[in-house]
$ cat final34.cif   # mmCIF, C-alpha atoms
data_structure
loop_
_atom_site.label_atom_id
_atom_site.label_comp_id
_atom_site.auth_asym_id
_atom_site.auth_seq_id
_atom_site.Cartn_x
_atom_site.Cartn_y
_atom_site.Cartn_z
CA MET A 11 111.35 127.11 93.45
CA ALA A 12 111.77 130.50 91.92
CA GLU A 13 112.29 132.58 95.02
CA PRO A 14 115.44 134.66 95.52
CA ALA A 15 118.13 132.32 96.68
CA HIS A 16 118.97 132.71 100.29
CA VAL A 17 118.51 130.60 103.39
CA GLY A 18 116.00 128.13 101.95
CA ARG A 19 117.75 124.93 101.00
CA HIS A 20 117.14 123.15 97.78
CA VAL A 21 116.66 119.47 98.35
CA ILE A 22 117.06 116.97 95.58
CA TYR A 23 114.28 114.44 95.37
CA CYS A 24 114.54 111.09 93.68
CA GLY A 25 112.85 111.10 90.30
CA VAL A 26 111.59 107.57 90.74
CA CYS A 27 110.12 107.37 94.22
CA THR A 28 110.03 111.15 95.02
CA LEU A 29 111.75 110.67 98.38
CA PRO A 30 115.04 112.29 99.25
CA PRO A 31 117.59 109.86 97.81
CA GLU A 32 118.90 108.76 101.18
CA TYR A 33 115.48 107.28 101.89
CA CYS A 34 115.21 105.45 98.56
CA GLU A 35 116.04 102.18 100.28
CA TYR A 36 112.63 102.34 101.95
CA GLY A 37 110.71 103.20 98.82
CA GLY A 38 110.45 99.70 97.36
CA THR A 39 111.99 100.60 94.01
CA VAL A 40 115.60 100.63 95.16
CA LYS A 41 117.10 99.32 91.93
CA LYS A 42 115.44 101.91 89.77
CA CYS A 43 116.22 104.67 92.25
CA GLN A 44 119.87 103.72 92.25
CA GLU A 45 120.06 103.82 88.49
CA TRP A 46 118.34 107.17 88.39
CA LEU A 47 120.58 108.72 90.99
CA GLU A 48 123.73 107.39 89.40
CA LYS A 49 122.76 109.06 86.16
CA GLN A 50 121.45 112.34 87.54
CA HIS A 51 123.61 113.06 90.56
CA PRO A 52 126.71 110.88 90.49
CA SER A 53 128.31 112.65 93.44
CA MET A 54 125.31 112.00 95.61
CA TYR A 55 125.15 108.41 94.46
CA GLU A 56 128.77 108.00 95.47
CA ARG A 57 128.01 109.35 98.92
CA ILE A 58 124.96 107.21 99.62
CA TRP A 59 125.56 103.94 97.83
CA SER A 60 129.32 103.55 97.76
CA PRO A 61 130.60 100.50 99.62
CA ALA A 62 132.23 102.76 102.20
CA ALA A 63 128.91 104.35 103.07
CA THR A 64 126.99 101.12 103.36
CA ALA A 65 129.75 99.35 105.28
CA SER A 66 128.83 101.16 108.47
CA LEU A 67 125.76 98.97 108.76
CA SER A 68 126.16 95.79 110.70
CA LEU A 69 125.92 92.57 108.77
CA GLU A 70 122.72 91.55 110.39
CA ALA A 71 121.09 94.88 109.69
CA LYS A 72 122.15 94.65 106.09
CA ASP A 73 120.63 91.22 105.81
CA ARG A 74 117.39 92.37 107.24
CA ALA A 75 117.35 95.44 105.03
CA ALA A 76 117.97 93.32 101.96
CA LYS A 77 115.16 90.99 102.87
CA ASP A 78 112.86 93.87 103.52
CA ALA A 79 113.76 95.55 100.29
CA LYS A 80 113.16 92.34 98.39
CA LYS A 81 109.71 91.99 99.85
CA LYS A 82 108.87 95.58 99.10
CA ALA A 83 110.18 95.37 95.57
CA ALA A 84 108.11 92.27 94.93
CA LYS A 85 105.09 94.06 96.27
CA ALA A 86 105.68 97.10 94.09
CA GLU A 87 106.17 94.91 91.06
CA ALA A 88 102.97 93.02 91.75
CA ALA A 89 101.10 96.27 92.08
CA GLU A 90 102.49 97.47 88.79
CA GLN A 91 101.54 94.25 87.10
CA LYS A 92 98.08 94.47 88.51
CA ASN A 93 97.76 98.01 87.29
CA ALA A 94 98.80 97.05 83.79
CA ASP A 95 96.35 94.17 83.80
CA ARG A 96 93.56 96.37 84.93
CA LEU A 97 94.39 98.84 82.20
CA ALA A 98 94.35 96.14 79.57
CA ASN A 99 91.01 94.85 80.73
CA SER A 100 89.14 98.07 81.20
CA VAL A 101 86.85 99.16 78.47
CA VAL A 102 85.59 102.58 77.56
CA THR A 103 81.96 102.38 76.58
CA ILE A 104 80.42 105.00 74.37
CA LYS A 105 76.69 104.66 74.41
CA ARG A 106 74.13 106.40 72.28
CA ILE A 107 70.89 106.80 74.13
CA GLU A 108 67.66 107.84 72.49
CA ARG A 109 66.17 110.62 74.48
CA ASN A 110 63.24 111.53 72.29
CA LYS A 111 62.42 110.55 68.75
CA ARG A 112 65.50 111.57 66.76
CA LYS A 113 67.15 113.20 69.76
CA TYR A 114 70.11 111.51 71.37
CA VAL A 115 72.55 111.86 74.16
CA THR A 116 75.90 110.10 74.26
CA SER A 117 77.24 108.69 77.48
CA VAL A 118 80.88 107.76 77.95
CA SER A 119 81.86 105.54 80.83
CA GLY A 120 85.03 103.79 81.90
CA LEU A 121 87.42 106.68 81.32
CA GLU A 122 88.45 106.86 84.96
CA ALA A 123 90.24 103.52 84.61
CA PHE A 124 92.78 105.26 82.41
CA GLY A 125 93.55 107.85 85.03
CA LEU A 126 91.68 110.65 83.31
CA GLU A 127 89.85 113.31 85.21
CA LEU A 128 86.26 113.09 84.14
CA LYS A 129 85.50 116.72 84.82
CA LYS A 130 88.30 117.92 82.60
CA VAL A 131 87.51 115.48 79.83
CA ALA A 132 83.86 116.51 79.97
CA LYS A 133 84.87 120.12 79.53
CA ASP A 134 87.01 119.14 76.55
CA PHE A 135 84.12 117.29 74.95
CA GLY A 136 81.90 120.29 75.40
CA LYS A 137 84.45 122.55 73.80
CA LYS A 138 85.19 120.21 70.95
CA PHE A 139 81.61 119.47 69.94
CA ALA A 140 80.06 122.72 71.12
CA THR A 141 77.42 120.89 73.10
CA GLY A 142 76.46 120.44 76.69
CA SER A 143 78.64 117.92 78.45
CA SER A 144 78.54 116.93 82.07
CA VAL A 145 79.67 114.37 84.59
CA THR A 146 76.77 112.48 86.09
CA LYS A 147 76.49 109.77 88.67
CA THR A 148 75.17 106.45 87.49
CA PRO A 149 72.73 104.46 89.62
CA SER A 150 75.38 101.80 90.09
CA GLY A 151 77.58 104.25 91.92
CA GLY A 152 80.11 105.18 89.25
CA GLU A 153 80.36 108.31 87.19
CA GLU A 154 80.01 108.86 83.49
CA ILE A 155 80.14 111.72 81.04
CA VAL A 156 76.95 112.62 79.25
CA VAL A 157 77.25 114.63 76.06
CA GLN A 158 74.25 116.10 74.36
CA GLY A 159 73.62 115.00 70.81
CA ASP A 160 74.74 111.93 68.91
CA VAL A 161 78.48 112.31 68.74
CA SER A 162 79.54 108.73 69.42
CA ASP A 163 81.78 108.31 66.38
CA GLU A 164 83.38 111.68 66.85
CA ILE A 165 84.05 110.94 70.49
CA GLU A 166 85.81 107.74 69.58
CA GLU A 167 88.05 109.57 67.14
CA PHE A 168 88.68 112.36 69.57
CA LEU A 169 89.60 110.01 72.38
CA LEU A 170 92.01 108.07 70.21
CA GLU A 171 93.68 111.22 69.06
CA LYS A 172 93.90 113.10 72.31
CA TYR A 173 94.48 110.35 74.84
CA LYS A 174 96.96 107.99 73.27
CA GLU A 175 96.99 105.74 76.31
CA ILE A 176 93.62 104.29 75.37
CA PRO A 177 94.02 101.44 72.90
CA GLU A 178 91.53 101.37 70.07
CA ASP A 179 90.36 97.87 70.90
CA ASN A 180 89.26 98.98 74.31
CA ILE A 181 86.66 101.39 73.03
CA GLU A 182 83.21 100.02 72.60
CA LEU A 183 80.29 101.63 70.83
CA VAL A 184 76.80 100.75 71.94
CA GLU A 185 73.49 101.93 70.59
CA ASP A 186 70.65 102.01 72.97
CA LYS A 187 67.04 102.27 71.92
CA LYS A 188 64.65 103.67 74.38
CA LYS A 189 62.27 101.07 75.73
CA LYS A 190 58.78 101.19 74.36
CA GLY A 191 56.11 102.68 76.52
CA SER A 192 58.38 104.77 78.65
CA ALA A 193 58.35 107.63 76.20
CA ALA A 194 56.36 110.55 77.47
CA MET B 22 96.38 110.16 108.90
CA PHE B 23 97.73 110.20 105.36
CA LYS B 24 98.60 106.55 105.19
CA LYS B 25 96.47 105.96 102.14
CA ASP B 26 98.41 106.11 98.90
CA THR B 27 96.13 108.53 97.20
CA ILE B 28 94.03 111.03 99.01
CA THR B 29 91.41 113.08 97.32
CA ALA B 30 91.52 116.80 97.78
CA SER B 31 89.04 119.49 96.99
CA PRO B 32 90.12 122.06 94.43
CA LYS B 33 92.27 124.90 95.67
CA GLN B 34 90.57 127.91 97.15
CA LYS B 35 92.11 131.32 97.47
CA LEU B 36 92.09 132.64 101.01
CA LYS B 37 91.19 136.09 102.19
CA SER B 38 94.15 138.18 103.13
CA SER B 39 92.78 138.58 106.65
CA ILE B 40 92.76 134.81 107.10
CA GLN B 41 96.19 134.68 105.57
CA ARG B 42 97.41 137.16 108.18
CA SER B 43 96.00 135.17 111.06
CA LEU B 44 97.51 131.97 109.72
CA ARG B 45 100.83 133.68 109.43
CA ALA B 46 100.55 134.80 113.04
CA SER B 47 99.65 131.34 114.26
CA LEU B 48 102.52 129.85 112.30
CA LEU B 49 104.89 132.29 113.97
CA THR B 50 103.62 131.65 117.49
CA THR B 51 104.01 127.91 116.95
CA PHE B 52 107.43 128.19 115.34
CA PRO B 53 109.17 131.33 116.60
CA LEU B 54 112.35 130.08 114.98
CA LEU B 55 110.75 130.58 111.61
CA THR B 56 110.59 134.35 112.13
CA PRO B 57 113.74 135.18 110.13
CA HIS B 58 112.44 133.17 107.16
CA ILE B 59 108.77 134.01 107.23
CA ASP B 60 108.94 136.30 104.23
CA GLU B 61 110.39 133.49 102.22
CA VAL B 62 107.88 130.94 103.45
CA LEU B 63 104.87 133.19 103.07
CA PRO B 64 105.75 136.05 100.77
CA LYS B 65 103.48 138.99 101.51
CA LYS B 66 102.37 139.44 97.94
CA SER B 67 101.51 135.93 96.88
CA SER B 68 98.14 134.51 97.71
CA LEU B 69 97.76 131.55 99.97
CA GLU B 70 95.53 128.76 98.78
CA GLN B 71 93.71 126.20 100.83
CA MET B 72 93.00 122.59 99.93
CA LYS B 73 90.60 120.58 101.99
CA LEU B 74 91.63 116.99 102.60
CA PRO B 75 89.76 114.15 104.29
CA ASP B 76 89.51 114.10 108.10
CA ARG B 77 88.91 117.85 108.27
CA VAL B 78 92.51 118.58 107.38
CA SER B 79 93.33 121.74 105.47
CA LEU B 80 96.52 122.03 103.49
CA TYR B 81 97.91 125.46 102.66
CA VAL B 82 99.69 125.94 99.39
CA ILE B 83 101.64 128.83 97.90
CA ASP B 84 102.64 128.83 94.22
CA GLY B 85 102.14 125.09 94.02
CA GLN B 86 104.32 124.54 97.09
CA PRO B 87 102.65 122.91 100.05
CA ILE B 88 103.57 124.86 103.17
CA PHE B 89 101.72 123.42 106.13
CA TYR B 90 98.52 121.69 107.17
CA ASN B 91 96.30 121.63 110.19
CA GLN B 92 93.40 119.60 111.47
CA ASP B 93 90.24 121.33 112.67
CA ASN B 94 92.06 124.64 112.38
CA GLY B 95 94.35 123.49 115.15
CA VAL B 96 98.10 123.66 115.46
CA PRO B 97 99.81 124.17 112.10
CA VAL B 98 102.15 121.35 111.14
CA PRO B 99 104.74 122.02 108.43
CA HIS B 100 104.74 119.96 105.27
CA LEU B 101 107.92 117.91 104.93
CA ARG B 102 109.01 119.81 101.88
CA LEU B 103 109.03 122.98 103.98
CA VAL B 104 110.97 121.18 106.69
CA HIS B 105 113.56 120.20 104.12
CA ARG B 106 113.94 123.79 103.06
CA PHE B 107 114.25 125.20 106.58
CA PRO B 108 115.43 122.36 108.78
CA GLN B 109 116.80 124.62 111.48
CA ALA B 110 113.45 126.29 112.10
CA PHE B 111 111.64 123.38 113.70
CA PRO B 112 112.21 121.48 116.93
CA THR B 113 113.47 117.99 116.24
CA ILE B 114 113.85 114.60 117.80
CA ARG B 115 115.75 111.74 116.24
CA ILE B 116 114.91 108.07 115.87
CA ASP B 117 117.36 105.22 115.59
CA ARG B 118 117.98 103.40 112.38
CA GLY B 119 115.79 100.44 113.22
CA ALA B 120 112.71 102.58 113.59
CA ILE B 121 112.94 104.28 110.22
CA ARG B 122 111.26 101.60 108.20
CA PHE B 123 108.33 101.42 110.58
CA VAL B 124 107.83 105.15 110.63
CA LEU B 125 108.02 105.25 106.84
CA SER B 126 105.24 102.71 106.61
CA GLY B 127 102.98 104.75 108.80
CA ALA B 128 103.38 103.17 112.22
CA THR B 129 102.92 105.13 115.41
CA LEU B 130 106.28 106.35 116.66
CA MET B 131 107.07 104.58 119.93
CA ALA B 132 109.38 105.64 122.72
CA PRO B 133 112.07 102.92 122.39
CA GLY B 134 113.00 104.27 118.97
CA LEU B 135 113.97 107.51 120.68
CA THR B 136 115.50 106.34 123.94
CA SER B 137 117.92 103.87 122.37
CA ALA B 138 121.52 104.72 121.48
CA GLY B 139 120.71 105.98 118.01
CA GLY B 140 117.77 108.13 119.10
CA ARG B 141 117.97 111.70 120.32
CA LEU B 142 115.66 113.41 122.78
CA PRO B 143 116.05 117.00 123.90
CA ILE B 144 118.57 117.83 126.61
CA PRO B 145 117.71 121.17 128.16
CA THR B 146 120.72 123.45 128.12
CA VAL B 147 121.30 127.16 128.22
CA ARG B 148 122.61 128.07 124.85
CA GLU B 149 125.63 130.27 124.52
CA GLY B 150 125.95 133.08 122.08
CA GLU B 151 123.88 135.99 120.97
CA PRO B 152 120.22 135.41 120.25
CA VAL B 153 119.45 135.57 116.55
CA ALA B 154 116.79 138.24 116.76
CA GLU B 155 114.50 139.78 119.29
CA GLY B 156 111.56 137.61 120.26
CA VAL B 157 113.21 134.52 118.85
CA PRO B 158 113.97 131.96 121.52
CA ASN B 159 117.56 130.91 121.58
CA GLU B 160 117.25 127.22 120.96
CA GLY B 161 118.44 124.72 118.47
CA VAL B 162 120.25 121.46 118.00
CA ASP B 163 123.63 120.68 119.46
CA GLY B 164 126.28 118.77 117.56
CA GLU B 165 124.78 115.44 118.55
CA GLY B 166 121.24 116.20 117.51
CA HIS B 167 119.71 116.98 120.89
CA TRP B 168 117.25 119.86 120.94
CA SER B 169 117.97 122.37 123.69
CA ARG B 170 114.51 122.47 125.22
CA GLU B 171 112.08 119.88 126.52
CA LEU B 172 109.09 119.67 124.21
CA GLU B 173 105.56 119.59 125.51
CA LYS B 174 102.72 117.26 124.70
CA GLY B 175 100.78 118.48 121.68
CA GLU B 176 103.70 120.34 120.16
CA PRO B 177 104.48 119.71 116.51
CA VAL B 178 107.88 118.14 116.10
CA VAL B 179 110.08 117.07 113.23
CA VAL B 180 111.46 113.54 113.26
CA MET B 181 115.00 113.15 112.01
CA ALA B 182 116.61 109.75 111.51
CA GLU B 183 119.91 108.27 112.55
CA GLY B 184 122.45 108.47 109.74
CA LYS B 185 120.24 110.62 107.54
CA GLU B 186 120.37 114.30 106.81
CA GLU B 187 116.77 114.97 105.94
CA ALA B 188 113.73 114.73 108.15
CA CYS B 189 111.56 111.66 107.69
CA ALA B 190 108.33 112.65 109.44
CA VAL B 191 106.47 115.40 111.26
CA GLY B 192 103.68 115.08 113.75
CA LEU B 193 102.16 116.16 117.03
CA LEU B 194 103.61 114.74 120.23
CA VAL B 195 101.15 112.70 122.25
CA ALA B 196 103.61 112.58 125.12
CA GLY B 197 106.00 115.28 126.28
CA THR B 198 109.67 114.50 125.75
CA LYS B 199 110.28 114.48 129.50
CA GLU B 200 107.60 111.86 129.97
CA VAL B 201 109.10 109.79 127.16
CA LYS B 202 112.46 109.80 128.91
CA ASP B 203 110.92 108.82 132.24
CA LYS B 204 108.68 106.05 130.96
CA GLY B 205 110.67 104.79 128.02
CA LYS B 206 107.70 103.14 126.37
CA GLY B 207 104.39 103.89 124.74
CA PRO B 208 103.45 105.99 121.75
CA VAL B 209 105.13 109.33 121.15
CA ILE B 210 103.72 110.51 117.85
CA GLU B 211 100.51 109.19 116.41
CA GLU B 212 99.32 109.92 112.91
CA ALA B 213 102.40 111.55 111.55
CA HIS B 214 103.00 112.90 108.09
CA PHE B 215 105.92 110.86 106.76
CA LEU B 216 107.94 110.59 103.57
CA GLY B 217 106.06 108.87 100.81
CA ASP B 218 102.61 109.03 102.37
CA GLY B 219 99.47 110.29 100.68
CA LEU B 220 100.14 113.90 101.61
CA TRP B 221 103.68 113.68 100.31
CA ARG B 222 102.49 112.27 97.01
CA LEU B 223 99.52 114.59 96.75
CA ASN B 224 99.47 116.55 93.54
CA VAL B 225 98.98 120.18 94.46
CA ASP B 226 98.86 121.66 90.97
#

$ encode --input "final34.cif" --output "structure tokens"
Amino acid sequence: MAEPAHVGRHVIYCGVCTLPPEYCEYGGTVKKCQEWLEKQHPSMYERIWSPAATASLSLEAKDRAAKDAKKKAAKAEAAEQKNADRLANSVVTIKRIERNKRKYVTSVSGLEAFGLELKKVAKDFGKKFATGSSVTKTPSGGEEIVVQGDVSDEIEEFLLEKYKEIPEDNIELVEDKKKKGSAA
Amino acid sequence: MFKKDTITASPKQKLKSSIQRSLRASLLTTFPLLTPHIDEVLPKKSSLEQMKLPDRVSLYVIDGQPIFYNQDNGVPVPHLRLVHRFPQAFPTIRIDRGAIRFVLSGATLMAPGLTSAGGRLPIPTVREGEPVAEGVPNEGVDGEGHWSRELEKGEPVVVMAEGKEEACAVGLLVAGTKEVKDKGKGPVIEEAHFLGDGLWRLNVD
């Protein structure tokens, strides 16, 4: 917030769950939030999590809150685990498709699983290889990037270099020959 | 309304300055208390941007800061980050501690959460002291957290929480505060924007 400092208040938000720290207990990642706050804003941590501050709660309420938090934390953990699994299992497929004799297009699918924005990546491909590159819908409902020309090997290299979150083993190269008879 | 974890938004669009002016006017008629701060909320020079969200909701953003949203070009509702910056500019009600976790998981806010000991509903009073500025109604919170005016059905309202300093939700009242006091049950705010919902987590850059 770079406006001249007057009436507007500056509120600190938790770096883990993005809520104001006093609401961290509802975020599901209480433990992590506590650690973060203790490190970043010790005075605030003291105010919110010190025994004196939490003592005002009745015993029963505390119990319930603890139970609730446990459930939420378990849920969050499961979600994280699931996410990691999904990431490990998803494959980026780079496919060379013959468009005409000796003319190829390269289609890249599966990037969205790694949290990449297809439109932006497509633009990057176009810039890098100086070719047309676009996001197209596949018949099966998903989206893929189609790059003009046979650049499958280069794309693999480029992906590995630019987007480190994609493991090399998860990239698959496929060559696709056009079916006979369908050529115009 | 924004219960989903991730909501997809259309890219930002710059708004015409004429539309910006009318939005500014509607914001001021809805929240007269914002008048002293309007130049900070909507600086005259900077350009307002609009993001279209699902359910015909438009979100208005300035310099990467979400300001407010509305549905079908209806009543503007402030984004919680704005509420946190100017808490005194919006009418508030308060919920008791037990209701917080339900509200923060997207439940409809029900009357018992407000009528109980920890909740606060407006108590109409005539406020002492000089009005802040001309055209600004003299209203606000008293020491206990009661707003000084009954709020009508359909008004946007900020939901504070017992034992917390920051607001936890905003939404449109589906029942006037007087009615809530009389009946003591039923929904009060449906489809609120609460801390940690899709709108809160929405990336506006």

$ residues_near_point --input "final34.cif" --point "(104.6, 127.7, 118.0)" --cutoff "9 Å" --atoms "all atoms listed in the file" --output "list in words"
Ser47, Leu48, Leu49, Thr50, Thr51, Phe52, Pro53, Leu54, Val96, Pro97, Glu176 and Pro177 of chain B

$ resolve_selection --input "final34.cif" --expression "the PyMOL selection byres ((chain A) within 7 of (chain B))" --output "PDB file with C-alpha atoms, in the frame of the given file"
ATOM      1  CA  GLY A  18     116.000 128.130 101.950  1.00  0.00           C
ATOM      2  CA  ARG A  19     117.750 124.930 101.000  1.00  0.00           C
ATOM      3  CA  HIS A  20     117.140 123.150  97.780  1.00  0.00           C
ATOM      4  CA  VAL A  21     116.660 119.470  98.350  1.00  0.00           C
ATOM      5  CA  LEU A  29     111.750 110.670  98.380  1.00  0.00           C
ATOM      6  CA  GLU A  32     118.900 108.760 101.180  1.00  0.00           C
ATOM      7  CA  TYR A  36     112.630 102.340 101.950  1.00  0.00           C
TER       8      TYR A  36
END

$ residues_around --input "final34.cif" --residues "Gln50 in chain A" --least-positions-apart "5" --cutoff "12 Å" --atoms "all atoms listed in the file" --output "PyMOL selection string"
chain A and resi 22-26+31+43-45+55-56

$ atom_distance --input "final34.cif" --atom1 "CA of Ile144 in chain B" --atom2 "CA of Ala120 in chain B"
20.9 Å

$ residues_around --input "final34.cif" --residues "range 163-173 of chain A" --least-positions-apart "6" --cutoff "12 Å" --atoms "all atoms listed in the file" --output "PDB file with C-alpha atoms, in the frame of the given file"
ATOM      1  CA  VAL A 102      85.590 102.580  77.560  1.00  0.00           C
ATOM      2  CA  THR A 103      81.960 102.380  76.580  1.00  0.00           C
ATOM      3  CA  ILE A 104      80.420 105.000  74.370  1.00  0.00           C
ATOM      4  CA  LYS A 105      76.690 104.660  74.410  1.00  0.00           C
ATOM      5  CA  ARG A 106      74.130 106.400  72.280  1.00  0.00           C
ATOM      6  CA  THR A 116      75.900 110.100  74.260  1.00  0.00           C
ATOM      7  CA  SER A 117      77.240 108.690  77.480  1.00  0.00           C
ATOM      8  CA  VAL A 118      80.880 107.760  77.950  1.00  0.00           C
ATOM      9  CA  SER A 119      81.860 105.540  80.830  1.00  0.00           C
ATOM     10  CA  LEU A 121      87.420 106.680  81.320  1.00  0.00           C
ATOM     11  CA  PHE A 124      92.780 105.260  82.410  1.00  0.00           C
ATOM     12  CA  GLY A 125      93.550 107.850  85.030  1.00  0.00           C
ATOM     13  CA  LEU A 126      91.680 110.650  83.310  1.00  0.00           C
ATOM     14  CA  GLU A 127      89.850 113.310  85.210  1.00  0.00           C
ATOM     15  CA  VAL A 131      87.510 115.480  79.830  1.00  0.00           C
ATOM     16  CA  ALA A 132      83.860 116.510  79.970  1.00  0.00           C
ATOM     17  CA  ASP A 134      87.010 119.140  76.550  1.00  0.00           C
ATOM     18  CA  PHE A 135      84.120 117.290  74.950  1.00  0.00           C
ATOM     19  CA  GLY A 136      81.900 120.290  75.400  1.00  0.00           C
ATOM     20  CA  LYS A 137      84.450 122.550  73.800  1.00  0.00           C
ATOM     21  CA  LYS A 138      85.190 120.210  70.950  1.00  0.00           C
ATOM     22  CA  PHE A 139      81.610 119.470  69.940  1.00  0.00           C
ATOM     23  CA  SER A 143      78.640 117.920  78.450  1.00  0.00           C
ATOM     24  CA  ILE A 155      80.140 111.720  81.040  1.00  0.00           C
ATOM     25  CA  VAL A 156      76.950 112.620  79.250  1.00  0.00           C
ATOM     26  CA  VAL A 157      77.250 114.630  76.060  1.00  0.00           C
ATOM     27  CA  ASP A 179      90.360  97.870  70.900  1.00  0.00           C
ATOM     28  CA  ASN A 180      89.260  98.980  74.310  1.00  0.00           C
ATOM     29  CA  ILE A 181      86.660 101.390  73.030  1.00  0.00           C
ATOM     30  CA  GLU A 182      83.210 100.020  72.600  1.00  0.00           C
ATOM     31  CA  LEU A 183      80.290 101.630  70.830  1.00  0.00           C
ATOM     32  CA  VAL A 184      76.800 100.750  71.940  1.00  0.00           C
ATOM     33  CA  GLU A 185      73.490 101.930  70.590  1.00  0.00           C
TER      34      GLU A 185
END

$ resolve_selection --input "final34.cif" --expression "the PyMOL selection byres ((chain B and resi 30) around 7)" --output "JSON, numbers by chain"
{"B": [28, 29, 31, 32, 72, 73, 74]}

$ atom_distance --input "final34.cif" --atom1 "CA of Lys77 in chain A" --atom2 "CA of Gly139 in chain B"
22.0 Å

$ resolve_selection --input "final34.cif" --expression "the PyMOL selection byres ((chain A and resi 145) around 7)" --output "PyMOL selection string"
chain A and resi 128-129+132+144+146-147+153-156

$ atom_distance --input "final34.cif" --atom1 "CA of Lys80 in chain A" --atom2 "CA of Thr136 in chain B"
29.2 Å

$ closest_residue --input "final34.cif" --among "A:Thr39, A:Ser100, A:Asn110, A:Asp73" --to "Glu122 in chain A" --atoms "all atoms listed in the file"
A:Ser100

$ residues_around --input "final34.cif" --residues "Val201 in chain B" --least-positions-apart "5" --cutoff "8 Å" --atoms "all atoms listed in the file" --output "list in words"
Ala132, Thr136, Ala196, Lys206, Gly207 and Val209 of chain B

$ write_last_selection --input "final34.cif" --atoms "C-alpha atoms" --output "CSV table (one decimal), keeping the file's coordinate frame"
chain,number,residue,atom,x,y,z
B,132,ALA,CA,109.4,105.6,122.7
B,136,THR,CA,115.5,106.3,123.9
B,196,ALA,CA,103.6,112.6,125.1
B,206,LYS,CA,107.7,103.1,126.4
B,207,GLY,CA,104.4,103.9,124.7
B,209,VAL,CA,105.1,109.3,121.2
